[in-house]
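Data block for upload05.cif (mmCIF, C-alpha atoms):
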```cif
data_work
loop_
_atom_site.label_atom_id
_atom_site.label_comp_id
_atom_site.auth_asym_id
_atom_site.auth_seq_id
_atom_site.Cartn_x
_atom_site.Cartn_y
_atom_site.Cartn_z
CA MET A 1 -29.46 -67.64 6.16
CA GLU A 2 -26.93 -66.52 3.62
CA CYS A 3 -25.03 -63.28 3.87
CA LYS A 4 -22.96 -61.69 1.12
CA ILE A 5 -20.96 -58.46 1.12
CA GLU A 6 -20.25 -56.63 -2.10
CA LYS A 7 -17.81 -53.74 -1.81
CA LYS A 8 -17.91 -50.94 -4.36
CA GLU A 9 -15.94 -47.72 -4.58
CA GLN A 10 -17.97 -45.59 -2.18
CA HIS A 11 -20.55 -47.99 -0.87
CA SER A 12 -21.12 -51.59 0.03
CA ILE A 13 -24.13 -53.86 -0.21
CA VAL A 14 -24.85 -56.44 2.46
CA THR A 15 -27.28 -58.97 1.01
CA LEU A 16 -29.22 -61.10 3.47
CA ALA A 17 -31.09 -64.12 2.14
CA GLY A 18 -33.39 -66.78 3.53
CA GLU A 19 -34.73 -66.83 7.05
CA VAL A 20 -32.93 -64.36 9.31
CA ASP A 21 -33.72 -65.25 12.90
CA LEU A 22 -32.16 -65.44 16.35
CA HIS A 23 -29.99 -68.36 15.28
CA CYS A 24 -28.13 -66.29 12.67
CA SER A 25 -28.89 -62.63 13.44
CA ALA A 26 -25.54 -62.22 15.21
CA GLU A 27 -23.81 -63.05 11.93
CA ALA A 28 -26.02 -60.60 10.04
CA ARG A 29 -25.30 -57.93 12.67
CA LYS A 30 -21.56 -58.49 12.41
CA SER A 31 -21.65 -58.19 8.62
CA ILE A 32 -23.74 -55.01 8.66
CA LEU A 33 -21.78 -53.24 11.37
CA SER A 34 -18.42 -54.19 9.83
CA GLN A 35 -19.26 -52.14 6.75
CA ILE A 36 -20.28 -49.02 8.60
CA SER A 37 -16.76 -48.30 9.71
CA GLU A 38 -15.44 -48.88 6.19
CA MET A 39 -17.90 -47.31 3.75
CA LYS A 40 -19.63 -43.95 3.26
CA HIS A 41 -22.90 -45.61 2.35
CA VAL A 42 -24.05 -49.04 3.48
CA MET A 43 -27.00 -50.68 1.77
CA VAL A 44 -28.72 -53.77 3.07
CA ASP A 45 -30.43 -55.76 0.32
CA LEU A 46 -33.46 -57.59 1.73
CA SER A 47 -34.88 -58.84 -1.58
CA GLN A 48 -34.18 -62.49 -0.77
CA VAL A 49 -35.32 -62.43 2.84
CA LYS A 50 -38.11 -64.93 3.41
CA TYR A 51 -38.42 -64.32 7.13
CA ILE A 52 -36.94 -61.80 9.53
CA ASP A 53 -37.43 -61.62 13.27
CA SER A 54 -37.05 -58.87 15.85
CA SER A 55 -33.44 -59.81 16.62
CA ALA A 56 -32.44 -59.13 13.01
CA ILE A 57 -34.53 -55.95 12.91
CA ALA A 58 -32.60 -54.84 15.99
CA SER A 59 -29.36 -55.24 14.01
CA LEU A 60 -30.74 -52.97 11.29
CA VAL A 61 -31.71 -50.39 13.92
CA GLU A 62 -28.22 -50.59 15.36
CA GLY A 63 -26.86 -50.10 11.85
CA ILE A 64 -28.85 -46.94 11.16
CA GLN A 65 -27.93 -45.53 14.56
CA MET A 66 -24.21 -46.21 14.10
CA ALA A 67 -24.32 -44.73 10.61
CA LYS A 68 -26.07 -41.58 11.83
CA HIS A 69 -23.54 -41.20 14.60
CA ALA A 70 -20.71 -41.50 12.07
CA ASN A 71 -22.50 -39.21 9.60
CA LEU A 72 -22.76 -41.98 7.00
CA LYS A 73 -25.65 -43.17 4.87
CA PHE A 74 -27.56 -46.36 5.65
CA SER A 75 -30.26 -47.66 3.32
CA LEU A 76 -32.44 -50.69 2.85
CA ILE A 77 -32.93 -51.76 -0.75
CA SER A 78 -35.29 -54.13 -2.57
CA VAL A 79 -37.16 -55.02 0.59
CA SER A 80 -39.13 -58.26 0.23
CA ASN A 81 -42.81 -58.35 1.21
CA GLU A 82 -41.96 -60.60 4.16
CA ALA A 83 -39.35 -58.18 5.50
CA MET A 84 -41.61 -55.17 4.88
CA GLN A 85 -44.40 -56.81 6.88
CA VAL A 86 -42.12 -56.95 9.93
CA LEU A 87 -40.69 -53.45 9.40
CA LYS A 88 -44.26 -52.12 9.33
CA LEU A 89 -45.16 -54.02 12.50
CA ALA A 90 -42.19 -52.32 14.16
CA ARG A 91 -43.26 -49.01 12.56
CA LEU A 92 -39.77 -48.72 11.16
CA ASP A 93 -40.81 -48.45 7.51
CA LYS A 94 -40.77 -44.65 7.89
CA VAL A 95 -37.55 -44.61 9.91
CA PHE A 96 -35.28 -46.32 7.39
CA SER A 97 -34.38 -44.91 4.00
CA ILE A 98 -35.92 -47.57 1.76
CA PHE A 99 -35.23 -47.72 -1.97
CA SER A 100 -36.30 -50.02 -4.81
CA ASN A 101 -32.74 -50.73 -5.88
CA GLU A 102 -29.08 -49.78 -5.62
CA ASP A 103 -29.26 -47.00 -8.22
CA GLU A 104 -32.15 -45.30 -6.47
CA ALA A 105 -30.34 -45.52 -3.16
CA LEU A 106 -27.25 -43.90 -4.68
CA THR A 107 -29.20 -40.95 -6.05
CA GLY A 108 -31.79 -40.76 -3.27
CA MET B 109 -67.05 -72.16 23.38
CA SER B 110 -64.72 -75.14 23.77
CA PHE B 111 -61.63 -75.65 21.65
CA SER B 112 -60.58 -78.68 19.69
CA ASN B 113 -56.97 -79.66 20.13
CA LEU B 114 -55.11 -79.61 16.81
CA LYS B 115 -51.56 -80.41 17.83
CA ILE B 116 -48.97 -80.24 20.58
CA LEU B 117 -45.44 -79.37 19.44
CA GLU B 118 -42.43 -79.86 21.67
CA PHE B 119 -38.93 -78.55 20.98
CA ASP B 120 -35.66 -78.05 22.76
CA ALA B 121 -35.41 -74.37 23.65
CA GLU B 122 -32.62 -73.55 21.21
CA ALA B 123 -32.44 -70.86 18.54
CA ILE B 124 -31.55 -73.45 15.91
CA ASN B 125 -35.04 -74.96 16.35
CA LEU B 126 -36.95 -71.75 15.58
CA LYS B 127 -36.98 -72.48 11.86
CA ALA B 128 -38.51 -75.93 12.46
CA ILE B 129 -41.09 -74.40 14.82
CA ARG B 130 -42.10 -71.91 12.10
CA GLU B 131 -42.27 -74.65 9.47
CA ASN B 132 -44.51 -76.76 11.70
CA LEU B 133 -46.81 -73.82 12.36
CA ARG B 134 -47.01 -72.91 8.66
CA GLY B 135 -47.92 -76.52 7.89
CA ILE B 136 -50.73 -76.54 10.47
CA PHE B 137 -52.11 -73.20 9.27
CA SER B 138 -51.93 -74.34 5.66
CA GLU B 139 -53.83 -77.56 6.49
CA GLN B 140 -56.53 -75.42 8.11
CA ASN B 141 -56.77 -73.18 5.01
CA ILE B 142 -56.26 -70.05 7.04
CA ASP B 143 -55.74 -66.72 5.25
CA LYS B 144 -52.01 -66.46 4.46
CA ASN B 145 -51.61 -62.95 5.90
CA ILE B 146 -53.14 -64.01 9.21
CA ALA B 147 -51.05 -67.19 9.22
CA ASP B 148 -47.85 -65.20 8.56
CA GLU B 149 -48.68 -62.82 11.40
CA MET B 150 -49.39 -65.64 13.83
CA VAL B 151 -46.08 -67.29 12.86
CA ILE B 152 -44.31 -63.99 13.64
CA ALA B 153 -45.98 -63.71 17.06
CA LEU B 154 -45.34 -67.34 18.00
CA ASN B 155 -41.72 -67.16 16.83
CA GLU B 156 -41.18 -64.07 19.00
CA ALA B 157 -42.81 -65.80 21.98
CA CYS B 158 -40.50 -68.81 21.57
CA MET B 159 -37.50 -66.48 21.21
CA ASN B 160 -38.42 -64.79 24.47
CA ILE B 161 -38.62 -68.16 26.22
CA ILE B 162 -35.17 -69.11 24.89
CA GLN B 163 -33.57 -65.75 25.73
CA HIS B 164 -35.37 -64.57 28.85
CA ALA B 165 -36.86 -67.65 30.56
CA TYR B 166 -34.17 -70.30 29.99
CA LYS B 167 -31.41 -67.66 29.44
CA GLY B 168 -29.38 -70.11 27.40
CA ALA B 169 -29.94 -73.11 29.68
CA ALA B 170 -31.32 -76.34 28.24
CA GLY B 171 -35.05 -76.96 28.41
CA LYS B 172 -38.22 -77.65 26.49
CA ILE B 173 -40.90 -75.53 24.90
CA GLN B 174 -44.37 -76.99 24.42
CA ILE B 175 -46.85 -75.34 22.09
CA LYS B 176 -50.44 -76.52 22.35
CA ILE B 177 -52.51 -75.42 19.36
CA GLU B 178 -56.30 -75.34 19.53
CA LYS B 179 -59.10 -73.73 17.60
CA ASN B 180 -62.82 -73.34 17.45
CA ALA B 181 -65.11 -71.58 14.98
CA THR B 182 -64.05 -68.08 16.02
CA GLN B 183 -60.63 -68.28 17.65
CA TRP B 184 -57.21 -69.85 17.60
CA ARG B 185 -55.71 -70.56 21.00
CA PHE B 186 -52.00 -71.16 21.64
CA GLU B 187 -50.57 -72.25 24.95
CA LEU B 188 -46.79 -72.02 25.25
CA ILE B 189 -45.30 -73.77 28.26
CA ASP B 190 -41.72 -73.71 29.46
CA PHE B 191 -40.12 -75.33 32.49
CA ALA B 192 -37.69 -72.52 33.29
CA PRO B 193 -37.63 -70.57 36.57
CA ALA B 194 -40.61 -68.24 36.97
CA VAL B 195 -40.20 -65.00 35.04
CA ASP B 196 -41.24 -61.68 36.55
CA ILE B 197 -44.43 -61.08 34.59
CA LYS B 198 -44.50 -57.40 35.58
CA SER B 199 -41.20 -56.93 33.74
CA ILE B 200 -42.69 -58.09 30.41
CA LYS B 201 -43.68 -54.93 28.64
CA ALA B 202 -44.33 -53.94 25.06
CA LYS B 203 -41.79 -51.41 23.88
CA ASP B 204 -42.89 -47.92 22.94
CA LEU B 205 -42.41 -47.95 19.17
CA ALA B 206 -41.77 -44.22 19.16
CA GLU B 207 -38.38 -45.06 20.66
CA VAL B 208 -36.11 -46.14 17.84
CA ARG B 209 -33.66 -48.40 19.57
CA PRO B 210 -32.52 -51.99 19.09
CA GLY B 211 -34.28 -54.71 21.05
CA GLY B 212 -37.56 -55.13 22.85
CA LEU B 213 -39.71 -55.41 19.74
CA GLY B 214 -40.83 -59.01 20.20
CA VAL B 215 -43.39 -58.40 22.95
CA ASN B 216 -44.79 -55.52 20.93
CA PHE B 217 -45.26 -57.79 17.90
CA ILE B 218 -47.09 -60.36 20.05
CA TYR B 219 -49.48 -57.74 21.46
CA GLN B 220 -50.11 -56.19 18.04
CA ILE B 221 -50.90 -59.51 16.36
CA MET B 222 -52.80 -61.40 19.05
CA ASP B 223 -56.18 -60.41 20.53
CA SER B 224 -55.38 -61.72 23.98
CA VAL B 225 -51.98 -62.20 25.66
CA ASP B 226 -51.86 -63.79 29.11
CA TYR B 227 -48.58 -64.57 30.90
CA GLN B 228 -48.83 -66.92 33.88
CA ASN B 229 -46.35 -68.48 36.29
CA ILE B 230 -46.93 -72.18 36.81
CA ALA B 231 -46.98 -73.09 40.51
CA GLU B 232 -44.72 -76.13 40.24
CA SER B 233 -42.14 -74.70 37.85
CA GLY B 234 -42.22 -72.84 34.62
CA ASN B 235 -44.29 -70.32 32.75
CA ARG B 236 -47.34 -70.38 30.56
CA LEU B 237 -48.29 -67.94 27.84
CA VAL B 238 -51.80 -68.15 26.43
CA LEU B 239 -52.40 -66.36 23.15
CA ILE B 240 -55.77 -65.95 21.45
CA LYS B 241 -56.31 -64.85 17.86
CA LYS B 242 -59.85 -64.15 16.76
CA ILE B 243 -60.84 -65.25 13.29
CA SER B 244 -63.88 -64.18 11.32
#
```
Spit out the file's structure as structure tokens when you get a sec.
Amino acid sequence: MECKIEKKEQHSIVTLAGEVDLHCSAEARKSILSQISEMKHVMVDLSQVKYIDSSAIASLVEGIQMAKHANLKFSLISVSNEAMQVLKLARLDKVFSIFSNEDEALTG
Amino acid sequence: MSFSNLKILEFDAEAINLKAIRENLRGIFSEQNIDKNIADEMVIALNEACMNIIQHAYKGAAGKIQIKIEKNATQWRFELIDFAPAVDIKSIKAKDLAEVRPGGLGVNFIYQIMDSVDYQNIAESGNRLVLIKKIS
């Protein structure tokens, strides 16, 4: 898995890439949650995710819950088909704010 | 109807091996020309089952996971064996997806994807999970 954080003025984008599973989901979780305390809007870019398991999905759920608690925005952007398949299995595709790209997430 | 044995995989029960387990499974499904969506779903279910063995059966201790893969004309059959202490089968429950909270999704994925899910304690030591997926 690769994980990149891009910080902008009001928001940050955490990009996860590759296969995000139990072996690396703790790193993904740390990256996502670290941004919630810093930014008004955290986006997680899943466009390059080839596989995601329930441990990584749990990190996203933790992210949205922390953001809600802090009254911040939390969005998923450019979700790959592989990631969407798992979000749908978890019936979380209607729970997350999901956008096609960064611009849509900013105006959505 | 009897099953023909396709392969037996054996791995150390460590998270770092999950990727190799998935790659092996994808290779087997690809060789069998199975529909990609069904193959992807079965990989998800089997990955979650292996994760549960690593996290909840071995609880971080060293051990092995064996995956026996069989099929016949109408079904795939997977037998996952570990050699960890017996797990409390009654405690294995699919999470209510209406509850949005982290964790507990893996068992739900397995039940959604597979047509039959059977957890067993092995008398000598360990646990067995038999998964069946029907194919048309």
Applied to the shown file, which residues does the PyMOL selection byres ((chain B) within 6 of (chain A)) return, written as JSON, numbers by chain? {"B": [123, 124, 210, 211, 213, 214]}
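Of the listed residues B:Ile243, B:Leu188, B:Val225, B:Ile173, the one whose atoms come nearest to Asn125 in chain B is B:Ile173, with distances taken using only C-alpha atoms.
Interatomic distance, CA of Gly108 in chain A to CA of Lys50 in chain A: 25.9 Å.
Ranking A:Ala17, A:Ser12, A:Met84, A:Asn101 by their shortest atom-to-atom distance to Val49 in chain A, with only C-alpha atoms included, puts A:Ala17 first.
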Could you state the separation of CA of Met109 in chain B and CA of Arg185 in chain B in Å, given to one decimal place?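 Taking CA of Met109 in chain B and CA of Arg185 in chain B, their separation equals 11.7 Å.
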